[in-house]
Each structure stands twice: as C-alpha cells, then as structure tokens.
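Trainee: Structure: entry38.cif, mmCIF, C-alpha atoms.
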data_coords
loop_
_atom_site.label_atom_id
_atom_site.label_comp_id
_atom_site.auth_asym_id
_atom_site.auth_seq_id
_atom_site.Cartn_x
_atom_site.Cartn_y
_atom_site.Cartn_z
CA MET X 1 5.61 -4.90 -0.40
CA ILE X 2 5.61 -1.96 1.95
CA VAL X 3 3.81 1.34 1.41
CA HIS X 4 6.04 3.52 3.58
CA TYR X 5 4.97 6.95 4.80
CA ASP X 6 7.44 9.51 6.09
CA PRO X 7 6.07 13.00 6.82
CA GLN X 8 9.17 14.54 5.22
CA VAL X 9 9.11 12.41 2.05
CA GLY X 10 5.52 11.23 1.61
CA LEU X 11 4.62 7.77 0.34
CA THR X 12 7.21 5.44 -1.18
CA LEU X 13 7.15 1.78 -2.12
CA LEU X 14 9.68 -0.50 -0.43
CA GLU X 15 10.33 -4.15 -1.25
CA PRO X 16 8.30 -3.80 -4.47
CA ASP X 17 9.02 -7.35 -5.63
CA ASP X 18 7.57 -8.97 -2.51
CA PHE X 19 4.14 -9.82 -3.89
CA ARG X 20 3.29 -12.13 -0.97
CA ASN X 21 3.18 -9.45 1.75
CA PHE X 22 1.53 -6.05 1.77
CA LYS X 23 1.50 -3.50 4.58
CA VAL X 24 1.61 0.19 5.40
CA GLN X 25 4.54 1.37 7.48
CA LEU X 26 4.53 4.74 9.23
CA ALA X 27 7.90 6.29 9.98
CA GLN X 28 8.72 7.75 13.34
CA GLY X 29 7.22 11.21 13.58
CA ALA X 30 4.14 10.42 11.50
CA THR X 31 0.83 11.31 13.10
CA GLN X 32 -1.42 8.43 14.16
CA GLN X 33 -3.53 8.61 10.99
CA PRO X 34 -1.91 11.06 8.56
CA GLU X 35 -4.07 12.43 5.75
CA VAL X 36 -2.36 11.32 2.56
CA ASP X 37 -3.70 10.93 -0.99
CA GLY X 38 -4.03 7.25 -1.86
CA LEU X 39 -4.18 6.15 1.78
CA ARG X 40 -7.26 5.98 3.99
CA PHE X 41 -7.23 4.69 7.55
CA VAL X 42 -9.99 2.32 8.61
CA ASP X 43 -8.75 2.34 12.22
CA ASP X 44 -5.38 2.59 14.00
CA GLY X 45 -4.24 -0.81 12.74
CA ASN X 46 -5.67 -0.98 9.23
CA ALA X 47 -5.74 1.16 6.12
CA LEU X 48 -6.92 1.13 2.53
CA VAL X 49 -4.33 1.82 -0.15
CA GLY X 50 -5.57 2.92 -3.56
CA ILE X 51 -4.98 0.19 -6.14
CA ASP X 52 -4.07 2.78 -8.77
CA ALA X 53 -1.80 4.68 -6.37
CA VAL X 54 0.67 1.85 -5.75
CA PRO X 55 2.21 1.66 -9.27
CA SER X 56 2.77 5.42 -9.27
CA LEU X 57 4.65 5.54 -5.96
CA PRO X 58 8.38 6.29 -5.94
CA GLY X 59 10.10 2.92 -5.78
CA ALA X 60 7.57 1.09 -7.95
CA PRO X 61 9.22 -0.54 -10.97
CA SER X 62 7.78 0.44 -14.33
CA THR X 63 8.39 -2.91 -16.02
CA GLU X 64 5.72 -5.09 -17.57
CA ALA X 65 6.88 -7.99 -15.39
CA TRP X 66 6.25 -5.93 -12.26
CA ARG X 67 2.80 -4.84 -13.45
CA GLU X 68 1.92 -8.49 -14.12
CA GLY X 69 3.13 -9.51 -10.66
CA TYR X 70 1.10 -6.70 -9.10
CA ALA X 71 -2.02 -7.78 -11.00
CA LYS X 72 -1.56 -11.36 -9.76
CA MET X 73 -1.13 -10.08 -6.21
CA LEU X 74 -4.40 -8.14 -6.50
CA ALA X 75 -6.21 -11.22 -7.83
CA ALA X 76 -4.91 -13.31 -4.92
CA ALA X 77 -5.85 -10.58 -2.42
CA ALA X 78 -9.38 -10.48 -3.83
CA LYS X 79 -9.81 -14.20 -3.10
CA TYR X 80 -9.17 -13.48 0.59
CA GLY X 81 -11.44 -10.43 0.74
CA TRP X 82 -8.56 -7.97 1.00
CA ILE X 83 -9.83 -5.75 -1.82
CA ASP X 84 -12.40 -3.04 -1.13
CA ASP X 85 -14.18 -2.77 -4.48
CA GLU X 86 -16.13 0.33 -3.50
CA ALA X 87 -12.95 2.21 -2.55
CA ASN X 88 -10.86 0.52 -5.29
CA ALA X 89 -8.29 -0.18 -2.60
CA ILE X 90 -6.22 -2.92 -0.98
CA LYS X 91 -6.66 -3.55 2.73
CA ALA X 92 -3.37 -3.33 4.61
CA HIS X 93 -2.12 -3.78 8.16
CA VAL X 94 -0.43 -0.67 9.58
CA GLU X 95 2.91 -0.82 11.39
CA ARG X 96 4.57 2.07 13.16
CA ASN X 97 8.32 2.53 13.58
#
Give the structure from this file in structure tokens form.
Mentor:
Amino acid sequence: MIVHYDPQVGLTLLEPDDFRNFKVQLAQGATQQPEVDGLRFVDDGNALVGIDAVPSLPGAPSTEAWREGYAKMLAAAAKYGWIDDEANAIKAHVERN
C-alpha cells in the first residue's frame, strides 16, 4: 500500500490491496517535507499517516472486505510498534521519486 503525494494532485492511495507493505511515496517536485493533512513527517525518511485518513484517500476501495483487510493490517502493524497511538497514525518509510 502506497500513500502517494503529488503536489499537483495531493494524496492518493496506490496498491490498496497490498496489506503487507506500507509506505509514503513523494512524487518528483514535492518539497522535502510537504505540509499535508493526514501526513506528518518525523524526519526525512519517516512519516506518520493518519489511520482515519487512509480509507478516505482517492484510490481506497469502499468495500467491507477492504476495510477488514485494512483493520487486520493495522492490528499486525501494532504488534511491531508501527502504530503511534498518541497521533492515531501508522509509521511509514518515505521514498522519493
């Protein structure tokens, strides 16, 4: 699952059915740490993505099966410490194109 940011389009969700991988991808032309609702940078290589923001992104399926898969992904991420409870966010690696 890729939370993709393009300064011309905003945030979109790519590969929404890949529940085993989660990252933020910045398109060419994006500033180093763009200020975007639902996305907070921890440092240049890591960000927090709002848990509630992901299902509302363009590209996110609205099916019950997808919501169940997303919930399972969050539960698995919590086991590894990849959930920031205080921020209600998922920790993600940041890649730049």
Trainee: As an exercise, work out the distance from CA of Ala53 in chain X to CA of Gln25 in chain X in Å and give it to one decimal place.
Mentor: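 These two atoms are separated by 15.6 Å.
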Trainee: One decimal, Å: what's the distance from CA of Pro61 in chain X over to CA of Leu48 in chain X, could you say?
Mentor: 21.1 Å
Trainee: Expressed in Å to a single decimal, how great is the separation between CA of Glu95 in chain X and CA of Leu26 in chain X?
Mentor: 6.2 Å
Trainee: What residues come out when you apply the PyMOL selection byres ((chain X and resi 21) around 12) to this file, written as a ChimeraX atom specification?
Mentor: /X:1-3,14-20,22-24,70,73-74,76-77,82,90-93
Trainee: Give me the result of the PyMOL selection byres ((chain X and resi 33) around 12) on this file, residue by residue, as a list in words.
Mentor: Tyr5, Pro7, Val24, Gln25, Leu26, Ala27, Gly29, Ala30, Thr31, Gln32, Pro34, Glu35, Val36, Leu39, Arg40, Phe41, Val42, Asp43, Asp44, Gly45, Asn46, Ala47, Leu48, Val94, Glu95 and Arg96 of chain X
Trainee: Pull out every residue that the PyMOL selection byres ((chain X and resi 51) around 9) matches in the shown coordinates and put them as a list in words.
Mentor: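 Checked against the file, the PyMOL selection byres ((chain X and resi 51) around 9) matches Gly38, Leu48, Val49, Gly50, Asp52, Ala53, Val54, Pro55, Leu74, Ile83, Ala87, Asn88, Ala89 and Ile90 of chain X.
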